[in-house]
file work-v5.csv (CSV, C-alpha atoms)
chain,number,residue,atom,x,y,z
F,201,MET,CA,-2.8,18.2,7.7
F,202,LEU,CA,-1.9,18.3,11.3
F,203,PRO,CA,-2.7,21.9,12.1
F,204,TYR,CA,-6.3,21.2,10.9
F,205,LEU,CA,-6.6,18.0,12.9
F,206,SER,CA,-5.4,19.2,16.3
F,207,GLY,CA,-5.8,22.2,18.5
F,208,THR,CA,-8.5,24.8,18.2
F,209,GLU,CA,-7.2,27.7,16.1
F,210,MET,CA,-7.6,25.9,12.7
F,211,PHE,CA,-10.3,23.4,13.5
F,212,GLY,CA,-13.2,25.5,12.6
F,213,ASN,CA,-16.0,24.8,10.2
F,214,ALA,CA,-15.1,26.6,6.9
F,215,SER,CA,-18.7,27.6,6.5
F,216,GLY,CA,-18.9,29.5,9.8
F,217,SER,CA,-18.4,33.2,10.5
F,218,HIS,CA,-16.2,33.3,13.5
F,219,ARG,CA,-12.4,33.7,13.5
F,220,GLU,CA,-11.6,30.0,13.7
F,221,SER,CA,-14.0,29.3,10.8
F,222,ARG,CA,-12.5,32.1,8.7
F,223,ARG,CA,-9.0,30.5,9.1
F,224,ALA,CA,-10.4,27.2,7.9
F,225,ARG,CA,-12.2,28.9,5.0
F,226,LEU,CA,-8.9,30.7,4.0
F,227,ALA,CA,-7.2,27.3,3.9
F,228,VAL,CA,-9.9,25.9,1.7
F,229,ASP,CA,-9.8,28.9,-0.6
F,230,ASP,CA,-6.0,28.7,-0.9
F,231,ALA,CA,-6.2,25.0,-1.7
F,232,ARG,CA,-8.8,25.6,-4.3
F,233,GLU,CA,-6.7,28.3,-6.0
F,234,LYS,CA,-3.6,26.1,-6.0
F,235,ILE,CA,-5.6,23.1,-7.4
F,236,ALA,CA,-7.3,25.2,-10.1
F,237,ASP,CA,-4.0,26.5,-11.3
F,238,LEU,CA,-2.4,23.1,-11.5
F,239,LEU,CA,-5.4,21.6,-13.4
F,240,GLY,CA,-5.8,24.6,-15.8
F,241,ALA,CA,-9.2,25.4,-14.4
F,242,ASP,CA,-10.9,28.6,-13.1
F,243,LEU,CA,-11.2,29.0,-9.3
F,244,GLY,CA,-14.9,28.7,-9.3
F,245,GLU,CA,-14.9,25.5,-11.4
F,246,VAL,CA,-13.4,23.4,-8.6
F,247,VAL,CA,-16.0,21.5,-6.4
F,248,PHE,CA,-14.7,19.5,-3.5
F,249,THR,CA,-16.2,16.1,-2.8
F,250,GLY,CA,-15.7,13.2,-0.4
F,251,SER,CA,-14.1,10.9,-3.0
F,252,GLY,CA,-13.6,10.3,-6.7
F,253,THR,CA,-16.7,8.1,-6.7
F,254,GLU,CA,-18.8,10.9,-5.4
F,255,ALA,CA,-17.4,13.2,-8.0
F,256,ASP,CA,-18.3,10.8,-10.8
F,257,ASN,CA,-21.8,10.4,-9.3
F,258,LEU,CA,-22.3,14.2,-9.0
F,259,ALA,CA,-21.1,14.7,-12.6
F,260,ILE,CA,-23.3,12.1,-14.2
F,261,THR,CA,-26.5,12.4,-12.0
F,262,GLY,CA,-26.2,16.1,-11.6
F,263,ALA,CA,-25.6,16.8,-15.3
F,264,LEU,CA,-28.5,14.5,-16.4
F,265,ARG,CA,-30.9,16.1,-14.0
F,266,ALA,CA,-29.9,19.6,-15.3
F,267,ARG,CA,-30.3,18.4,-18.9
F,268,ALA,CA,-33.7,16.8,-18.1
F,269,SER,CA,-34.9,20.2,-16.8
F,270,SER,CA,-33.8,21.9,-20.0
F,271,HIS,CA,-35.4,19.2,-22.2
F,272,ASP,CA,-38.8,19.3,-20.4
F,273,GLY,CA,-38.1,15.8,-19.1
F,274,ARG,CA,-37.8,14.2,-22.6
F,275,SER,CA,-35.7,11.0,-22.8
F,276,GLY,CA,-32.1,11.1,-23.8
F,277,VAL,CA,-29.0,9.0,-24.3
F,278,ILE,CA,-25.7,8.4,-22.4
F,279,VAL,CA,-22.6,7.1,-24.2
F,280,CYS,CA,-19.7,5.7,-22.3
F,281,SER,CA,-16.9,3.2,-22.8
F,282,ALA,CA,-17.5,-0.3,-21.6
F,283,MET,CA,-14.3,-0.3,-19.6
F,284,GLU,CA,-15.3,2.6,-17.3
F,285,HIS,CA,-14.8,2.2,-13.6
F,286,HIS,CA,-18.0,1.0,-11.8
F,287,ALA,CA,-18.4,4.5,-10.3
F,288,VAL,CA,-19.3,5.6,-13.8
F,289,LEU,CA,-20.9,2.4,-15.2
F,290,ASN,CA,-23.2,1.8,-12.2
F,291,THR,CA,-24.2,5.4,-12.1
F,292,CYS,CA,-25.1,5.4,-15.8
F,293,ARG,CA,-27.0,2.1,-15.3
F,294,ALA,CA,-28.9,3.5,-12.3
F,295,ALA,CA,-30.0,6.4,-14.5
F,296,VAL,CA,-31.4,3.9,-17.0
F,297,GLU,CA,-33.3,2.1,-14.3
F,298,GLN,CA,-34.9,5.3,-13.2
F,299,GLY,CA,-36.4,5.7,-16.7
F,300,GLY,CA,-36.1,8.0,-19.6
F,301,ILE,CA,-32.5,7.2,-20.4
F,302,GLU,CA,-30.8,4.9,-23.0
F,303,LEU,CA,-27.2,3.8,-22.3
F,304,ARG,CA,-24.8,3.0,-25.2
F,305,GLU,CA,-21.7,1.2,-24.0
F,306,VAL,CA,-18.8,1.4,-26.6
F,307,GLN,CA,-16.4,-1.5,-26.7
F,308,THR,CA,-12.6,-1.2,-26.8
F,309,ASP,CA,-10.0,-2.8,-29.0
F,310,ARG,CA,-7.4,-5.3,-28.0
F,311,SER,CA,-4.9,-2.6,-27.2
F,312,GLY,CA,-7.3,-1.2,-24.5
F,313,ILE,CA,-8.3,1.9,-26.4
F,314,VAL,CA,-12.0,2.9,-27.0
F,315,ASP,CA,-13.1,2.1,-30.5
F,316,LEU,CA,-13.5,5.5,-32.1
F,317,ALA,CA,-15.5,4.2,-35.1
F,318,SER,CA,-18.1,2.6,-32.8
F,319,PHE,CA,-18.0,5.7,-30.6
F,320,ALA,CA,-18.7,8.0,-33.6
F,321,GLU,CA,-21.7,5.7,-34.4
F,322,ALA,CA,-23.0,6.0,-30.9
F,323,CYS,CA,-22.7,9.9,-30.7
F,324,THR,CA,-26.0,11.1,-32.2
F,325,SER,CA,-28.0,14.3,-31.7
F,326,GLU,CA,-30.1,12.9,-28.8
F,327,VAL,CA,-27.0,12.2,-26.6
F,328,ARG,CA,-27.1,14.2,-23.4
F,329,LEU,CA,-24.0,12.9,-21.7
F,330,VAL,CA,-20.7,11.2,-22.7
F,331,SER,CA,-18.3,9.7,-20.3
F,332,VAL,CA,-14.8,8.4,-21.3
F,333,MET,CA,-12.1,7.9,-18.7
F,334,ALA,CA,-8.7,9.6,-19.2
F,335,VAL,CA,-6.7,6.5,-18.0
F,336,ASN,CA,-8.1,3.0,-17.4
F,337,ASN,CA,-7.8,2.0,-13.8
F,338,GLU,CA,-6.9,-1.6,-14.5
F,339,ILE,CA,-4.6,-1.7,-17.5
F,340,GLY,CA,-3.4,1.9,-17.5
F,341,THR,CA,-4.2,2.8,-21.2
F,342,VAL,CA,-4.5,6.5,-21.9
F,343,GLN,CA,-7.8,7.1,-23.8
F,344,PRO,CA,-7.9,9.5,-26.8
F,345,LEU,CA,-9.9,12.3,-25.2
F,346,ASP,CA,-8.9,14.9,-27.8
F,347,GLU,CA,-10.5,12.7,-30.5
F,348,VAL,CA,-13.5,11.9,-28.3
F,349,SER,CA,-14.0,15.6,-27.6
F,350,ARG,CA,-13.9,16.5,-31.3
F,351,LEU,CA,-16.5,13.8,-32.1
F,352,VAL,CA,-18.8,14.8,-29.3
F,353,ARG,CA,-18.7,18.5,-30.2
F,354,ALA,CA,-19.3,17.7,-33.9
F,355,GLN,CA,-21.9,15.0,-33.6
F,356,ALA,CA,-23.6,15.6,-30.3
F,357,PRO,CA,-23.2,19.3,-29.6
F,358,GLY,CA,-25.8,19.3,-26.9
F,359,ALA,CA,-24.0,16.6,-24.9
F,360,VAL,CA,-21.9,17.2,-21.7
F,361,LEU,CA,-18.5,15.4,-21.8
F,362,HIS,CA,-17.3,13.9,-18.5
F,363,THR,CA,-14.0,12.1,-17.8
F,364,ASP,CA,-13.0,10.1,-14.8
F,365,ALA,CA,-9.4,11.3,-14.6
F,366,ILE,CA,-8.6,9.7,-11.3
F,367,GLN,CA,-5.7,7.6,-12.7
F,368,ALA,CA,-4.3,10.4,-14.7
F,369,ALA,CA,-3.1,13.1,-12.3
F,370,ALA,CA,-0.1,11.1,-11.1
F,371,TRP,CA,1.4,10.8,-14.6
F,372,LEU,CA,-0.1,13.2,-17.1
F,373,ASP,CA,-0.3,17.0,-17.6
F,374,MET,CA,-3.8,17.7,-16.5
F,375,ALA,CA,-4.4,21.1,-18.3
F,376,PRO,CA,-5.0,19.6,-21.8
F,377,ILE,CA,-7.4,17.0,-20.3
F,378,THR,CA,-9.3,19.7,-18.4
F,379,ALA,CA,-9.5,21.8,-21.6
F,380,ALA,CA,-11.0,18.9,-23.5
F,381,VAL,CA,-14.0,18.1,-21.2
F,382,ASP,CA,-16.9,19.7,-19.3
F,383,LEU,CA,-16.7,17.7,-16.1
F,384,LEU,CA,-13.5,16.1,-14.6
F,385,ALA,CA,-13.3,13.9,-11.5
F,386,LEU,CA,-10.2,13.3,-9.3
F,387,SER,CA,-9.4,11.5,-6.1
F,388,ALA,CA,-6.6,12.7,-3.8
F,389,HIS,CA,-5.3,9.2,-2.8
F,390,LYS,CA,-4.3,8.4,-6.4
F,391,PHE,CA,-1.5,11.1,-6.3
F,392,GLY,CA,-0.3,10.8,-2.7
F,393,GLY,CA,-3.1,12.6,-0.8
F,394,PRO,CA,-5.3,11.1,1.8
F,395,LYS,CA,-8.3,8.8,1.2
F,396,GLY,CA,-11.8,10.3,1.5
F,397,VAL,CA,-11.4,13.5,-0.5
F,398,GLY,CA,-11.8,14.3,-4.2
F,399,LEU,CA,-13.0,16.9,-6.5
F,400,LEU,CA,-15.1,17.6,-9.6
F,401,VAL,CA,-14.1,20.3,-12.1
F,402,VAL,CA,-17.4,21.8,-13.5
F,403,ARG,CA,-16.5,24.1,-16.4
F,404,ASN,CA,-18.1,27.5,-16.5
F,405,GLY,CA,-21.5,27.4,-18.1
F,406,VAL,CA,-22.1,23.7,-17.6
F,407,PRO,CA,-25.4,23.2,-15.7
F,408,ILE,CA,-25.3,20.7,-12.9
F,409,ASP,CA,-27.9,19.9,-10.2
F,410,ALA,CA,-26.9,19.1,-6.7
F,411,VAL,CA,-27.2,15.5,-5.6
F,412,THR,CA,-26.4,16.2,-1.9
F,413,HIS,CA,-28.6,18.8,-0.3
F,414,GLY,CA,-28.0,20.7,2.9
F,415,GLY,CA,-26.1,23.9,3.7
F,416,GLY,CA,-25.5,24.9,0.1
F,417,GLN,CA,-21.7,24.7,0.2
F,418,GLU,CA,-19.6,24.7,-3.0
F,419,ARG,CA,-21.9,27.2,-4.7
F,420,GLU,CA,-25.0,25.0,-4.0
F,421,ARG,CA,-23.4,22.1,-6.0
F,422,ARG,CA,-22.3,19.9,-3.1
F,423,SER,CA,-23.5,20.5,0.5
F,424,GLY,CA,-21.6,19.2,3.5
F,425,THR,CA,-19.0,20.4,6.0
F,426,HIS,CA,-15.6,20.8,4.2
F,427,ASN,CA,-12.9,18.3,5.1
F,428,VAL,CA,-10.4,21.1,5.6
F,429,ALA,CA,-7.4,18.9,6.4
F,430,GLY,CA,-8.1,16.6,3.5
F,431,ILE,CA,-8.6,19.5,1.1
F,432,VAL,CA,-5.3,21.1,2.2
F,433,ALA,CA,-3.5,17.8,1.9
F,434,MET,CA,-4.9,17.2,-1.6
F,435,ALA,CA,-3.6,20.5,-2.8
F,436,ALA,CA,-0.2,19.8,-1.3
F,437,ALA,CA,0.0,16.4,-2.8
F,438,LEU,CA,-1.0,17.6,-6.2
F,439,SER,CA,1.6,20.3,-6.1
F,440,ALA,CA,4.3,17.8,-5.1
F,441,THR,CA,3.1,15.4,-7.8
F,442,VAL,CA,3.4,18.1,-10.5
F,443,ASP,CA,6.8,19.2,-9.3
F,444,GLN,CA,8.2,15.6,-9.3
F,445,ARG,CA,6.1,14.1,-12.1
F,446,SER,CA,8.7,14.1,-14.9
F,447,ASP,CA,11.4,12.4,-12.8
F,448,THR,CA,9.0,10.0,-11.2
F,449,ALA,CA,7.5,9.0,-14.5
F,450,ALA,CA,10.9,8.2,-16.0
F,451,ARG,CA,12.0,6.2,-13.0
F,452,VAL,CA,8.8,4.2,-12.7
F,453,THR,CA,8.6,3.5,-16.4
F,454,ALA,CA,12.0,1.8,-16.2
F,455,LEU,CA,10.9,-0.2,-13.2
F,456,ARG,CA,7.6,-1.2,-14.9
F,457,ASP,CA,9.3,-2.2,-18.1
F,458,ARG,CA,11.8,-4.4,-16.2
F,459,LEU,CA,9.0,-6.0,-14.3
F,460,VAL,CA,6.8,-6.8,-17.3
F,461,ASP,CA,9.7,-7.9,-19.5
F,462,GLY,CA,11.0,-10.1,-16.7
F,463,LEU,CA,7.7,-11.8,-16.2
F,464,LEU,CA,7.2,-12.4,-19.9
F,465,ALA,CA,10.7,-14.0,-20.1
F,466,LEU,CA,10.3,-16.1,-16.9
F,467,VAL,CA,6.7,-17.3,-17.1
F,468,GLU,CA,5.6,-19.3,-20.1
F,469,GLY,CA,2.2,-18.4,-21.4
F,470,ALA,CA,2.3,-14.9,-19.8
F,471,GLU,CA,0.9,-12.2,-22.0
F,472,GLU,CA,0.9,-8.4,-21.5
F,473,THR,CA,-2.5,-6.8,-21.6
F,474,GLY,CA,-3.0,-3.8,-23.8
F,475,ASP,CA,-0.5,-1.6,-25.6
F,476,ARG,CA,2.3,-0.6,-23.3
F,477,SER,CA,3.3,2.4,-25.5
F,478,ARG,CA,-0.1,3.9,-24.7
F,479,LYS,CA,-0.1,3.3,-20.9
F,480,VAL,CA,0.9,5.4,-17.9
F,481,PRO,CA,4.0,4.3,-16.1
F,482,GLY,CA,2.3,2.9,-13.0
F,483,HIS,CA,0.4,0.0,-14.6
F,484,ALA,CA,1.8,-3.5,-15.3
F,485,HIS,CA,-1.0,-5.9,-16.3
F,486,LEU,CA,-0.6,-9.4,-17.5
F,487,CYS,CA,-2.7,-12.5,-18.1
F,488,PHE,CA,-1.3,-15.9,-17.1
F,489,THR,CA,-2.9,-18.8,-19.0
F,490,GLY,CA,-4.0,-21.8,-16.9
F,491,ILE,CA,-4.5,-19.9,-13.6
F,492,GLU,CA,-7.3,-18.1,-11.9
F,493,SER,CA,-6.3,-14.6,-10.7
F,494,GLU,CA,-8.2,-14.9,-7.4
F,495,ALA,CA,-6.2,-17.9,-6.4
F,496,MET,CA,-3.0,-16.2,-7.5
F,497,MET,CA,-3.8,-13.2,-5.3
F,498,VAL,CA,-3.9,-15.4,-2.2
F,499,LEU,CA,-0.5,-16.9,-2.9
F,500,LEU,CA,1.1,-13.6,-3.9
F,501,ASP,CA,-0.3,-12.1,-0.7
F,502,GLU,CA,1.3,-14.9,1.4
F,503,ALA,CA,4.6,-14.1,-0.4
F,504,GLY,CA,4.4,-10.4,0.4
F,505,VAL,CA,3.3,-9.2,-3.0
F,506,ALA,CA,0.2,-6.9,-3.0
F,507,ALA,CA,-1.4,-7.2,-6.5
F,508,SER,CA,-5.0,-6.9,-7.8
F,509,ALA,CA,-7.4,-8.8,-10.0
F,510,GLY,CA,-9.8,-6.3,-11.5
F,511,ALA,CA,-10.4,-2.9,-9.9
F,512,ALA,CA,-9.0,-2.5,-6.4
F,513,CYS,CA,-12.5,-1.5,-5.2
F,514,SER,CA,-13.8,-4.9,-6.2
F,515,SER,CA,-10.8,-7.3,-5.9
F,516,GLY,CA,-12.9,-9.7,-3.7
F,517,ALA,CA,-15.1,-10.4,-6.7
F,518,VAL,CA,-14.8,-13.7,-8.6
F,519,ASP,CA,-16.1,-12.5,-11.9
F,520,ALA,CA,-13.8,-11.9,-14.8
F,521,SER,CA,-12.8,-8.2,-15.2
F,522,HIS,CA,-15.3,-6.3,-17.3
F,523,VAL,CA,-12.4,-4.2,-18.6
F,524,LEU,CA,-10.7,-7.3,-20.1
F,525,LEU,CA,-14.0,-8.6,-21.5
F,526,SER,CA,-14.7,-5.2,-23.2
F,527,MET,CA,-11.3,-5.7,-25.0
F,528,GLY,CA,-12.6,-8.9,-26.6
F,529,LEU,CA,-10.7,-11.4,-24.3
F,530,ASP,CA,-12.6,-14.6,-23.5
F,531,SER,CA,-13.7,-15.2,-20.0
F,532,ALA,CA,-10.9,-17.7,-19.2
F,533,VAL,CA,-8.1,-15.4,-20.3
F,534,ALA,CA,-9.9,-12.4,-18.6
F,535,GLY,CA,-10.1,-14.5,-15.4
F,536,SER,CA,-6.3,-14.8,-15.3
F,537,GLY,CA,-5.5,-11.1,-15.4
F,538,VAL,CA,-3.3,-9.6,-12.7
F,539,ARG,CA,-2.4,-6.0,-12.1
F,540,PHE,CA,0.8,-4.9,-10.4
F,541,SER,CA,0.7,-1.2,-9.6
F,542,LEU,CA,3.9,0.9,-9.2
F,543,GLY,CA,4.3,4.4,-7.8
F,544,THR,CA,6.6,6.9,-6.3
F,545,THR,CA,7.7,4.5,-3.5
F,546,SER,CA,8.4,1.5,-5.8
F,547,THR,CA,12.0,0.2,-5.8
F,548,ASP,CA,14.2,-2.2,-7.7
F,549,VAL,CA,14.3,-4.5,-4.7
F,550,GLU,CA,10.5,-4.8,-4.9
F,551,VAL,CA,10.6,-5.6,-8.6
F,552,ASP,CA,13.3,-8.2,-7.9
F,553,HIS,CA,11.0,-9.8,-5.3
F,554,VAL,CA,8.0,-10.0,-7.7
F,555,LEU,CA,10.2,-11.5,-10.4
F,556,ALA,CA,11.4,-14.1,-7.8
F,557,VAL,CA,8.0,-15.0,-6.5
F,558,VAL,CA,5.6,-15.0,-9.5
F,559,PRO,CA,7.1,-17.9,-11.6
F,560,GLY,CA,6.8,-20.3,-8.6
F,561,VAL,CA,3.2,-19.1,-7.8
F,562,VAL,CA,2.1,-19.7,-11.4
F,563,ALA,CA,3.8,-23.1,-11.6
F,564,ARG,CA,2.1,-24.2,-8.3
F,565,LEU,CA,-1.3,-23.1,-9.6
F,566,ARG,CA,-0.9,-24.8,-13.0
F,567,ASN,CA,0.1,-28.0,-11.2
call {"tool": "encode", "arguments": {"input": "work-v5.csv", "output": "structure tokens"}}
result
Amino acid sequence: MLPYLSGTEMFGNASGSHRESRRARLAVDDAREKIADLLGADLGEVVFTGSGTEADNLAITGALRARASSHDGRSGVIVCSAMEHHAVLNTCRAAVEQGGIELREVQTDRSGIVDLASFAEACTSEVRLVSVMAVNNEIGTVQPLDEVSRLVRAQAPGAVLHTDAIQAAAWLDMAPITAAVDLLALSAHKFGGPKGVGLLVVRNGVPIDAVTHGGGQERERRSGTHNVAGIVAMAAALSATVDQRSDTAARVTALRDRLVDGLLALVEGAEETGDRSRKVPGHAHLCFTGIESEAMMVLLDEAGVAASAGAACSSGAVDASHVLLSMGLDSAVAGSGVRFSLGTTSTDVEVDHVLAVVPGVVARLRN
């Protein structure tokens, strides 16, 4: 990132016409080409955004606006899983509040997978947009996007299929996911890039209206001066992630399994959330009966353990996780859920520390 953050030769606005701007534009174009190749997308399908949340908003709001134009403003339906990130859920709900849209939220089963029978029921001919995340952000379950895609194409052929794949890129081959959907959102910081930069893949032929208006960047789909340093870094991080993914996944899976198995053995009443065989390696999620996760977060933090209750974006909230509630857990159990996230920098020493700290924290809270 440094050449694009300091000096003058590469600090130009990528939309300008002078030499410095052309250098910046070349860097953006090179990054776009690299990212498109790694995702299995065409060059012109990659739209840079300021975050994964913005990418989700652009996908849902932009697709709905484009569909409303083609349907002469007639009402339509959105279908999404009830465990979606709030970047998706709240955008869908906002569309309902604006009128003309019905939202059907499909529940998940106890393993943390979207209920395909209920999903098939919800996908009718009037559906305009479907959104199902590739990997759940709280418990890490990989959703059956291939089956979802087949159902959508068969039962709601006029619908656009969107996926929030923000938790997927660090662990999964992205090309099959990209091929299954029409719109795909990513965020750089989930695979080692900087915060504040993301992207939306818009497959060729999928109409989408701009949500941010201005200079007409990104082929009129997302206006705003490019974050050149962030875009370059996102491409570098994704490239490194893909190169190291297999080795990293194997190592982190072993760490995650040792962590979860250790906690289940050491803490009476601990229960793993979801089906581990269908999770990405970086997620360890457990419920601890008799405690409240918010109180546990405070004590873990004092002991040097950074964990989360619910989504990281809303870990200050006191409500039980909507993801766990969507799986059919009661509010008391859902209110005891804790997520330990692992990644490329996680170590055996850190796992040992968590295993040493958590039993005492749980016992203190229960007493």
call {"tool": "closest_atom_pairs", "arguments": {"input": "work-v5.csv", "of": "region 394-512 of chain F", "to": "region 239-258 of chain F", "cutoff": "10 Å", "atoms": "all atoms listed in the file", "output": "Markdown table"}}
result
| residue | atom | partner | partner_atom | distance |
| --- | --- | --- | --- | --- |
| F:Lys395 | CA | F:Ser251 | CA | 7.5 |
| F:Gly396 | CA | F:Ser251 | CA | 5.1 |
| F:Val397 | CA | F:Gly250 | CA | 4.3 |
| F:Gly398 | CA | F:Ser251 | CA | 4.3 |
| F:Leu399 | CA | F:Phe248 | CA | 4.3 |
| F:Leu400 | CA | F:Val247 | CA | 5.1 |
| F:Val401 | CA | F:Val246 | CA | 4.7 |
| F:Val402 | CA | F:Glu245 | CA | 4.9 |
| F:Arg403 | CA | F:Glu245 | CA | 5.4 |
| F:Asn404 | CA | F:Glu245 | CA | 6.3 |
| F:Gly405 | CA | F:Glu245 | CA | 9.6 |
| F:Val406 | CA | F:Glu245 | CA | 9.7 |
| F:Ile408 | CA | F:Leu258 | CA | 8.2 |
| F:Asp409 | CA | F:Leu258 | CA | 8.1 |
| F:Ala410 | CA | F:Leu258 | CA | 7.1 |
| F:Val411 | CA | F:Leu258 | CA | 6.1 |
| F:Thr412 | CA | F:Leu258 | CA | 8.4 |
| F:Gln417 | CA | F:Val247 | CA | 9.3 |
| F:Glu418 | CA | F:Val247 | CA | 5.9 |
| F:Arg419 | CA | F:Val247 | CA | 8.4 |
| F:Glu420 | CA | F:Val247 | CA | 10.0 |
| F:Arg421 | CA | F:Val247 | CA | 7.4 |
| F:Arg422 | CA | F:Thr249 | CA | 7.2 |
| F:Ser423 | CA | F:Thr249 | CA | 9.1 |
| F:Gly424 | CA | F:Thr249 | CA | 8.9 |
| F:His426 | CA | F:Phe248 | CA | 7.9 |
| F:Asn427 | CA | F:Gly250 | CA | 8.0 |
| F:Gly430 | CA | F:Gly250 | CA | 9.2 |
| F:Ile431 | CA | F:Phe248 | CA | 7.6 |
| F:Leu438 | CA | F:Leu239 | CA | 9.3 |
| F:Val442 | CA | F:Leu239 | CA | 9.9 |
call {"tool": "atom_distance", "arguments": {"input": "work-v5.csv", "atom1": "CA of Gly393 (chain F)", "atom2": "CA of Asp373 (chain F)"}}
result
17.6 Å
call {"tool": "atom_distance", "arguments": {"input": "work-v5.csv", "atom1": "CA of Leu486 (chain F)", "atom2": "CA of Leu384 (chain F)"}}
result
28.7 Å
call {"tool": "atom_distance", "arguments": {"input": "work-v5.csv", "atom1": "CA of Ser521 (chain F)", "atom2": "CA of Glu338 (chain F)"}}
result
8.9 Å
call {"tool": "closest_residue", "arguments": {"input": "work-v5.csv", "among": "F:Asp364, F:Val432, F:Leu383, F:Val348", "to": "Lys234 (chain F)", "atoms": "only C-alpha atoms"}}
result
F:Val432
call {"tool": "closest_residue", "arguments": {"input": "work-v5.csv", "among": "F:Cys487, F:Cys323, F:Ile260, F:Ala388", "to": "Cys292 (chain F)", "atoms": "all atoms listed in the file"}}
result
F:Ile260
call {"tool": "closest_residue", "arguments": {"input": "work-v5.csv", "among": "F:Val505, F:Leu316, F:Ala334, F:Val480", "to": "Val352 (chain F)", "atoms": "only C-alpha atoms"}}
result
F:Leu316
call {"tool": "residues_around", "arguments": {"input": "work-v5.csv", "residues": "region 294-305 of chain F", "least_positions_apart": "4", "cutoff": "10 Å", "atoms": "all atoms listed in the file", "output": "PyMOL selection string"}}
result
chain F and resi 260-261+264-265+268+273-284+288-290+318-319+322-323+326-331+526
call {"tool": "residues_around", "arguments": {"input": "work-v5.csv", "residues": "Val561 (chain F)", "least_positions_apart": "2", "cutoff": "8 Å", "atoms": "all atoms listed in the file", "output": "VMD selection string"}}
result
chain F and resid 496 499 to 500 557 to 559 563 to 565
call {"tool": "residues_around", "arguments": {"input": "work-v5.csv", "residues": "region 453-466 of chain F", "least_positions_apart": "4", "cutoff": "9 Å", "atoms": "only C-alpha atoms", "output": "list in words"}}
result
Thr448, Ala449, Ala470, Glu471, Glu472, Arg476, Val480, Pro481, Gly482, His483, Ala484, His485, Leu486, Phe540, Ser541, Leu542, Ser546, Thr547, Asp548, Val551, Asp552, Val554, Leu555, Val558 and Pro559 of chain F
call {"tool": "write_last_selection", "arguments": {"input": "work-v5.csv", "atoms": "C-alpha atoms", "output": "JSON list (two decimals), keeping the file's coordinate frame"}}
result
[["chain", "number", "residue", "atom", "x", "y", "z"],
["F", 448, "THR", "CA", 9.00, 10.00, -11.20],
["F", 449, "ALA", "CA", 7.50, 9.00, -14.50],
["F", 470, "ALA", "CA", 2.30, -14.90, -19.80],
["F", 471, "GLU", "CA", 0.90, -12.20, -22.00],
["F", 472, "GLU", "CA", 0.90, -8.40, -21.50],
["F", 476, "ARG", "CA", 2.30, -0.60, -23.30],
["F", 480, "VAL", "CA", 0.90, 5.40, -17.90],
["F", 481, "PRO", "CA", 4.00, 4.30, -16.10],
["F", 482, "GLY", "CA", 2.30, 2.90, -13.00],
["F", 483, "HIS", "CA", 0.40, 0.00, -14.60],
["F", 484, "ALA", "CA", 1.80, -3.50, -15.30],
["F", 485, "HIS", "CA", -1.00, -5.90, -16.30],
["F", 486, "LEU", "CA", -0.60, -9.40, -17.50],
["F", 540, "PHE", "CA", 0.80, -4.90, -10.40],
["F", 541, "SER", "CA", 0.70, -1.20, -9.60],
["F", 542, "LEU", "CA", 3.90, 0.90, -9.20],
["F", 546, "SER", "CA", 8.40, 1.50, -5.80],
["F", 547, "THR", "CA", 12.00, 0.20, -5.80],
["F", 548, "ASP", "CA", 14.20, -2.20, -7.70],
["F", 551, "VAL", "CA", 10.60, -5.60, -8.60],
["F", 552, "ASP", "CA", 13.30, -8.20, -7.90],
["F", 554, "VAL", "CA", 8.00, -10.00, -7.70],
["F", 555, "LEU", "CA", 10.20, -11.50, -10.40],
["F", 558, "VAL", "CA", 5.60, -15.00, -9.50],
["F", 559, "PRO", "CA", 7.10, -17.90, -11.60]]
call {"tool": "closest_residue", "arguments": {"input": "work-v5.csv", "among": "F:Ser439, F:Thr324, F:Ser477, F:Thr291", "to": "Gly358 (chain F)", "atoms": "all atoms listed in the file"}}
result
F:Thr324
call {"tool": "decode", "arguments": {"input": "work-v5.csv", "residues": "region 353-368 of chain F", "atoms": "C-alpha atoms", "output": "short mmCIF file (atom, residue, chain, number, x, y, z; two decimals), in the first residue's frame"}}
result
data_model
loop_
_atom_site.label_atom_id
_atom_site.label_comp_id
_atom_site.auth_asym_id
_atom_site.auth_seq_id
_atom_site.Cartn_x
_atom_site.Cartn_y
_atom_site.Cartn_z
CA ARG F 353 -33.44 -21.01 -11.36
CA ALA F 354 -36.21 -23.63 -11.47
CA GLN F 355 -38.89 -21.98 -9.33
CA ALA F 356 -38.16 -18.24 -9.52
CA PRO F 357 -36.41 -17.81 -12.89
CA GLY F 358 -36.96 -14.06 -12.84
CA ALA F 359 -35.12 -13.60 -9.54
CA VAL F 360 -31.59 -12.32 -8.99
CA LEU F 361 -29.50 -14.46 -6.61
CA HIS F 362 -27.16 -12.61 -4.23
CA THR F 363 -24.69 -14.04 -1.72
CA ASP F 364 -22.81 -12.35 1.08
CA ALA F 365 -19.58 -14.33 0.67
CA ILE F 366 -17.58 -12.19 3.06
CA GLN F 367 -16.68 -15.09 5.37
CA ALA F 368 -15.90 -17.48 2.52
#
